[in-house]
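Q: One structure, as structure tokens, below. Some questions next.
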Amino acid sequence: MAILEVKELKVYFHTRNGVVKAVDNVSFSVDSGKTLAIVGESGSGKSVTCYSLLDLLPKPPAKIEGGTAMFNGSDLLSCSPEQMRHHRCNDIAVIFQDPMTSLNPYLTVGDQLIEPLIYHPNKDKRERRVEARLKAIALLDEVGIVDPVARFDSYPHEFSGGMRQRVIIAMALITEPKLLICDEPTTALDVTIQAQILQLIKKLQEKRNVAVIFISHDLGVVAGIADTVLVMCNGTIRETGSTDDIFYHTQNDYTKKLLAAIPEGAKRLQNRSDETQKIIQVDNLKTYFKNQSDSSNNPAKEFVKAVDNVSLSINHGEILGLVGESGSGKSTLGRSILQLVPNTAGTVRFKGETLTGLSQKQLVPWRRKMQMIFQDPYASLNPRMTVFQTLSEPLLHHGIADRGTVNAQVAQLMNEVGLAQIQMHKYPHEFSGGQRQRIAIGRAIATKPEFIIADEPVSALDVTIQAQILDLILSLVERHNLTMLFISHDLSVVRYISDRVAVMNKGLIVEAGETETLWKSPQHAYTRQLLKAIPLADPKSERLRMAGVWA
Amino acid sequence: MSDSITAPMDVIHEKGSSLWQDAWIKLSKNYLALLGLAVLVLLVVISLLTPWIAPYSYSAQNLDLGATAPSLQHWLGTDVFGRDMLTRIMYGGRVSLMVGFVATGVALVIGILWGAIAGFYGGRIDALMMRIVDILYALPFMIFIVLLMVVFGRNILLLFLAIGAVEWLTMARIVRGQVMSLRHQEFVEAANSLGLSQWTIIRRHIIPNTLGPVIVYTTLTIPSVMLLEAFLSFLGLGIQPPESSWGLLISYGVETMEEYPWLLVFPGIALSLTLFALNFLGDGLRDALDPRTSKD
Amino acid sequence: MFKFALGRLLQSIPVLLIVITITFFLVHSVPGGPFSADKAVPPEVIKALEAQYNLDQPVWQQYLSYLGDVVTGDLGPSFKYSGRTVNELIAAGLPATAELAFYAMLIALSIGVSAGVVASMRPNTMQDYLPMTGAMIGICMPSFLLGPLLVLIFGIYLDWLPISGWGDIPGDKVLPSITLGTAYAAYIARLSRGGMLEVLSQDYIRTARAKGLSETMVIGKHALRGGLIPVVAFLGPAFAGLLGGSFVVETIFQIPGLGRFYVQAAFNRDYTLILGMTVFFSTLIILFNLLSDMLAIWLNPKLRHEIQGNH
């Protein structure tokens, strides 16, 4: 029984630079009590499709050019504002991507929870504060908030990201809608929290018999919860079908590309690691920061212990993966090794020489040998420098090229990272995210370093581009005989590329070892928890996992 | 991807479009801002050429004539001493604009230096320098300026310094904020990891990215300064006769506004128009240089 | 919260001290005392007057004894208005200035906030351009221009409203209040528009709409709270500006308030009056800045909790 039927939806954006066909002739339907997953990369139109159903798009640039969306007999795309308000409040709820910004910081959580009840457009359905409050508290309890009565009067900033998302889910379900739209609800969350939230949504859906549209760029995430899958690209539907059909029996090229892009297994290079030579030796490293935001006089809270007594070593020629969730300290560890952040205690040694304690000036000769690739391709390039200027800067500064040879060398660098030479004099904002990252990689290898730290180099990129960049990194590591520390929160990516893996949590390394050994038999409880939480692009095993059975 | 490496000289590179060019494109679509720019340029040109193009001499009086309404000989009329108003307004404009630019320049130099040092070094130095700014911010400057002017006499140099001393505070805060946020950007970290010297980083990475807000704020400071000068002159504490500025002319106009309203209205229009132009230009610059409203 | 307020208050005392010190030495650094500009007053009489007012003591001593007096609230006698103390004079002029500032602030807030909020609801349309152009006009027309123009039009040509005095003729408070308040209304309109636009682009506004709340609720309950914080923070500096602006407005409209007094005292070199009024104004400004800062902090739950030390 279809609760929503969308036919030939067209949404165009009228911008200064022309018309963008965000959604072009999209049709699909959702059955009540079932889950439809809409999967696609950024720019595919998956979010725009769903926002247009509830009139949540900014109207001047966006315009619904055609199509119908029948919900329970009325067309969402052509109803009056009052009817739309009713649909939003009563029938269809939305959970947005970023829990940190989706709640009003100035109002209590409880206040925001009961709003749909006490201000219901349908006067007969309006509740009184007292009853609404009780309902809200019950729902908070159901979504897993501890001590819901007290929490009712708390403000959003008092909750963590995962908790906030639970509150938002409660807020969405409080009017008992028939359709729930989830727009990448777990993308901004850590992988262990993600698993919990997915399970919560599944549980609530079954209990309340709600239809769900789940939008995601991550096929693994939807494998366990979707009944049907819609694959979108550039505003059009590439394929639609049941989950099993899509994952196991697809013939569509784009879907195959998406499935292939998920790092599965490993592609890592063999036998390059030389244990006798340790490039990096870290002993009892501590990096503490003064806690700015805490004004209580609690001595335990005086410092943020980002890196709290870490010891590790990296062999010449190996790729060591460093994995951890947000706040684990992995980025700070990387920066501490590179002396971009002062070491509070302990030592870092590069090929036997101690780097800790050297002044910035003394470090200059070492800088040539160690480089970093940063996470954000938008922020890691100076927006006012051309590609040529960005790439020539390290070459000229370290004397690798002079005025005469620098042109040729920059061209060669661009070639190596897969960029067309003729774009040498363009600015960062004229390139795509993947291309910008190639420029950043080019800058990192320009000084012919021996050791590179890659800090989440693919996290900000689309899935298909991720694969390309990972392959690029691997080929460069092999060609230039590099040693690498690869930092990521994405376990699949780390497994794909690393020889050994270290797992970090709250400033400490809890476990380290050969990649496959760690995967097959993790020793530490936290590692096990992490591994359990990784979503696989395998619907059958995911469903088992969701049901609580861990193979 | 090219298969072979052709000698760069043979390859015709595509031209890039820098952020400045983008900003100019955006600005040129803002008609009000362009109008403001045009008016500003016109005013500056007229002010520079005044000694040569003014219809009458600055001090030429015609006591028999007295104050007359606008006519063909005197487009904007004459004042009680028979002096041509158009000439008076032109000369007044020179002074007002000069005070505006010079005092803003003073504020600019002090503010940028102060803010850049505080923002770049951070820590104790920043805490100390910004504390001083906070304390100075709390002082009632209007009161001090009035006092200064009364006590030390009406010295034009002192006027520049006094006004500049008030405006540099906000400039320092803006520059410091910008430098501080830039310092933590990844491309500055990358420059650090390349081993570039502090000075090179400041010169090549920080300053070019700070210019935007500085330009915007400077353009918006000039009218604020001109207002302040006009205010002081109106009270009798700013520019003194025989020099005149728009503020002074307005104060004369107020005295006789019932009988000779044009003596008040024309200098008033001159001042308001200039402030308008500068403010629209400043607003337009702010929108054009704002990375959020970018092309894509 | 109380401890925080107290802490900030204590921090303000050095500032006040600096103000008093600078003013004191500025005023005393000019050659010629308050009496030297008078007409033919015989030197012996000047000497006697100076002795009476302690002006013959070394400056440092005068400074310290003045400080002592200030702490007890005694701002000394006026030099020019013999027989009257500074406290009395301030008390006489205060009501008019306070009322003027109050009305001006009222006008500024009510017109400014409404214009700004309305403009932010439909950006880049007529609903936005009209109020904002009006605001720009308000900013570009200083009070000493606007005042006389209003007087000319409404007072002289149309003869609708009185043009001088305060409280003498009904309606004589209208023009001065409008003159003083307009520039601030304009500034507040721009501030509130900016603040509201910033807030309206936030995710949580989208959430509010997606919940089916009416537009009135979305703007009134969800957006205003955050959008008006820049206006609240501006209240302190606005107050300081209103005080300064009162100098001009009171002069134009012949209002017997503190602003006019101050300018005259400065010209007359009435030391104690200048000093006393500076101290008084500065204290008020510092207090107001403190209040508006604290209000801005208190309105933000996250900051409020940080200050309160929990969480």
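By convention in this document, the chains of the structure tokens carry letters A, B, ... by their order, each chain's residues are numbered from 1, and ligands are numbered from 1 in the order they are shown.
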Can you tell me, as JSON, numbers by chain, what residues are no more than 7 Å from segment 211-226 of chain A when counting only C-alpha atoms, ignoring any on the same chain fewer than 3 positions away?
A: {"A": [31, 32, 33, 34, 35, 36, 37, 38, 39, 40, 41, 46, 178, 179, 180, 181, 182, 183, 184, 202, 229, 243, 535, 536, 537, 538, 539, 542, 543, 546]}
Q: Distance cut-off 6 Å, counting only C-alpha atoms - which residues of chain C neighbour chain B? Return them as a PyMOL selection string.
A: chain C and resi 140-141+244
Q: Taking N, CA and C atoms for each residue, export the selection above as a compact mmCIF listing (two decimals), in the first residue's frame.
A:
```txt
# COMPACT_ATOMS: atom_id res chain seq x y z
N CYS C 140 23.11 58.61 7.46
CA CYS C 140 23.87 59.64 6.76
C CYS C 140 23.41 61.05 7.08
N MET C 141 22.35 61.17 7.88
CA MET C 141 21.92 62.52 8.24
C MET C 141 22.19 62.73 9.71
N GLY C 244 26.50 61.47 24.14
CA GLY C 244 27.27 62.38 23.31
C GLY C 244 26.36 63.18 22.39
```
Q: Identify every residue of chain C that has at least one atom within 10 Å of any atom of chain A, counting only C-alpha atoms, and report the result as a PyMOL selection string.
A: chain C and resi 202-215+217+221-223+225-226+299-303+305-311
Q: Set the distance at 9 Å and use only C-alpha atoms: which residues neighbour Tyr260 of chain B once local chain neighbours fewer than 3 positions away are removed? I'd like the list as a list of chain:residue names.
A: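 Within the cut-off, the hits are B:Ala67, B:Thr68, B:Ala69, B:Asp79, B:Val80, B:Gly253, B:Thr256, B:Met257, B:Leu263, B:Leu264.
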Q: Mind dumping a table of every chain A residue within 6 Å of chain B, with the nearest atom pair and its distance in Å to one decimal, using only C-alpha atoms, sorted by chain and rising number, as CSV?
A:
```
residue,atom,partner,partner_atom,distance
A:Val364,CA,B:Gly195,CA,5.1
A:Arg367,CA,B:Gly195,CA,5.6
A:Ala379,CA,B:Glu186,CA,5.6
A:Ser380,CA,B:Phe187,CA,4.1
A:Leu381,CA,B:Phe187,CA,5.0
A:Asn382,CA,B:Phe187,CA,5.6
A:Gly418,CA,B:Met1,CA,5.8
A:Leu419,CA,B:Met1,CA,5.9
A:Ala420,CA,B:Met1,CA,5.1
A:Ile422,CA,B:His13,CA,4.3
A:Gln423,CA,B:Glu14,CA,5.7
A:His425,CA,B:Gly16,CA,5.4
A:Lys426,CA,B:Gly16,CA,3.8
A:Tyr427,CA,B:Gly16,CA,5.9
```
Q: Write the residues you've just listed into a file as a CSV table (one decimal), in the first residue's frame, and include C-alpha atoms for each of them.
A:
```csv
chain,number,residue,atom,x,y,z
A,364,VAL,CA,63.6,23.6,8.9
A,367,ARG,CA,60.6,19.8,7.4
A,379,ALA,CA,40.8,25.0,3.6
A,380,SER,CA,44.2,23.5,3.0
A,381,LEU,CA,45.0,25.6,-0.1
A,382,ASN,CA,45.5,29.4,0.1
A,418,GLY,CA,46.8,13.5,-12.3
A,419,LEU,CA,46.1,17.2,-13.1
A,420,ALA,CA,46.2,18.8,-16.5
A,422,ILE,CA,47.2,23.8,-18.6
A,423,GLN,CA,45.4,24.5,-15.4
A,425,HIS,CA,47.5,29.2,-13.3
A,426,LYS,CA,44.0,28.6,-11.9
A,427,TYR,CA,42.8,29.2,-8.4
```
Q: Would you mind telling me which residue in C:Pro176, C:Asn87, C:Val117, C:Leu152 lies nearest to Asp69 of chain C when using only C-alpha atoms?
A: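 Using only C-alpha atoms, the shortest distance to Asp69 of chain C belongs to C:Asn87.
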Q: For Arg83 of chain B, please output as a PyMOL selection string all residues within 8 Å (counting only C-alpha atoms; exclusion window: fewer than 4 positions along the same chain).
A: chain B and resi 58-62+66+78-79+88
Q: Output N, CA and C atoms of each residue in that selection to a file, as a PDB file, in the first residue's frame.
A:
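And here's part-v8.pdb as it stands now:
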```pdb
ATOM      1  N   TYR B  58      38.014  82.200  -2.569  1.00  0.00           N
ATOM      2  CA  TYR B  58      37.461  81.712  -1.309  1.00  0.00           C
ATOM      3  C   TYR B  58      37.016  82.851  -0.392  1.00  0.00           C
ATOM      4  N   SER B  59      37.812  83.883  -0.343  1.00  0.00           N
ATOM      5  CA  SER B  59      37.516  84.911   0.656  1.00  0.00           C
ATOM      6  C   SER B  59      36.799  86.132   0.088  1.00  0.00           C
ATOM      7  N   ALA B  60      36.466  86.060  -1.197  1.00  0.00           N
ATOM      8  CA  ALA B  60      35.855  87.251  -1.801  1.00  0.00           C
ATOM      9  C   ALA B  60      34.514  87.546  -1.164  1.00  0.00           C
ATOM     10  N   GLN B  61      34.448  88.688  -0.534  1.00  0.00           N
ATOM     11  CA  GLN B  61      33.187  89.070   0.089  1.00  0.00           C
ATOM     12  C   GLN B  61      32.515  90.171  -0.723  1.00  0.00           C
ATOM     13  N   ASN B  62      31.255  90.245  -0.585  1.00  0.00           N
ATOM     14  CA  ASN B  62      30.506  91.304  -1.268  1.00  0.00           C
ATOM     15  C   ASN B  62      29.421  91.767  -0.300  1.00  0.00           C
ATOM     16  N   GLY B  66      25.219  90.745   0.322  1.00  0.00           N
ATOM     17  CA  GLY B  66      24.606  90.006   1.431  1.00  0.00           C
ATOM     18  C   GLY B  66      24.162  88.619   0.980  1.00  0.00           C
ATOM     19  N   THR B  78      24.463  83.005  -1.932  1.00  0.00           N
ATOM     20  CA  THR B  78      25.571  83.580  -1.176  1.00  0.00           C
ATOM     21  C   THR B  78      25.209  83.637   0.298  1.00  0.00           C
ATOM     22  N   ASP B  79      26.259  83.772   1.129  1.00  0.00           N
ATOM     23  CA  ASP B  79      25.981  83.858   2.567  1.00  0.00           C
ATOM     24  C   ASP B  79      25.885  85.322   2.996  1.00  0.00           C
ATOM     25  N   ARG B  88      32.345  78.094  -1.294  1.00  0.00           N
ATOM     26  CA  ARG B  88      32.524  77.753   0.114  1.00  0.00           C
ATOM     27  C   ARG B  88      32.354  76.254   0.315  1.00  0.00           C
TER      28      ARG B  88
END
```
Q: Please indicate the distance in Å from atom CA of Leu89 of chain C to atom CA of Gln61 of chain C, rounded to one decimal place.
A: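 These atoms are spaced 25.2 Å apart.
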Q: So the first atom is atom CA of Leu43 of chain B and the second is atom CA of Trp75 of chain B; what is the distance between them in Å, to one decimal place?
A: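 About the pair atom CA of Leu43 of chain B and atom CA of Trp75 of chain B: they are 17.6 Å apart.
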Q: As a PyMOL selection string, which residues of segment 36-269 of chain B does DSSP assign to helix (DSSP H, G or I)?
A: chain B and resi 36-53+85-121+123-138+141-152+156-183+186-193+198-235+246-255+262-269
Q: Rounded to one decimal in Å, what is the spacing between atom CA of Leu259 of chain A and atom CA of Ala460 of chain A?
A: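 Atom CA of Ala460 of chain A lies at a distance of 18.5 Å from atom CA of Leu259 of chain A.
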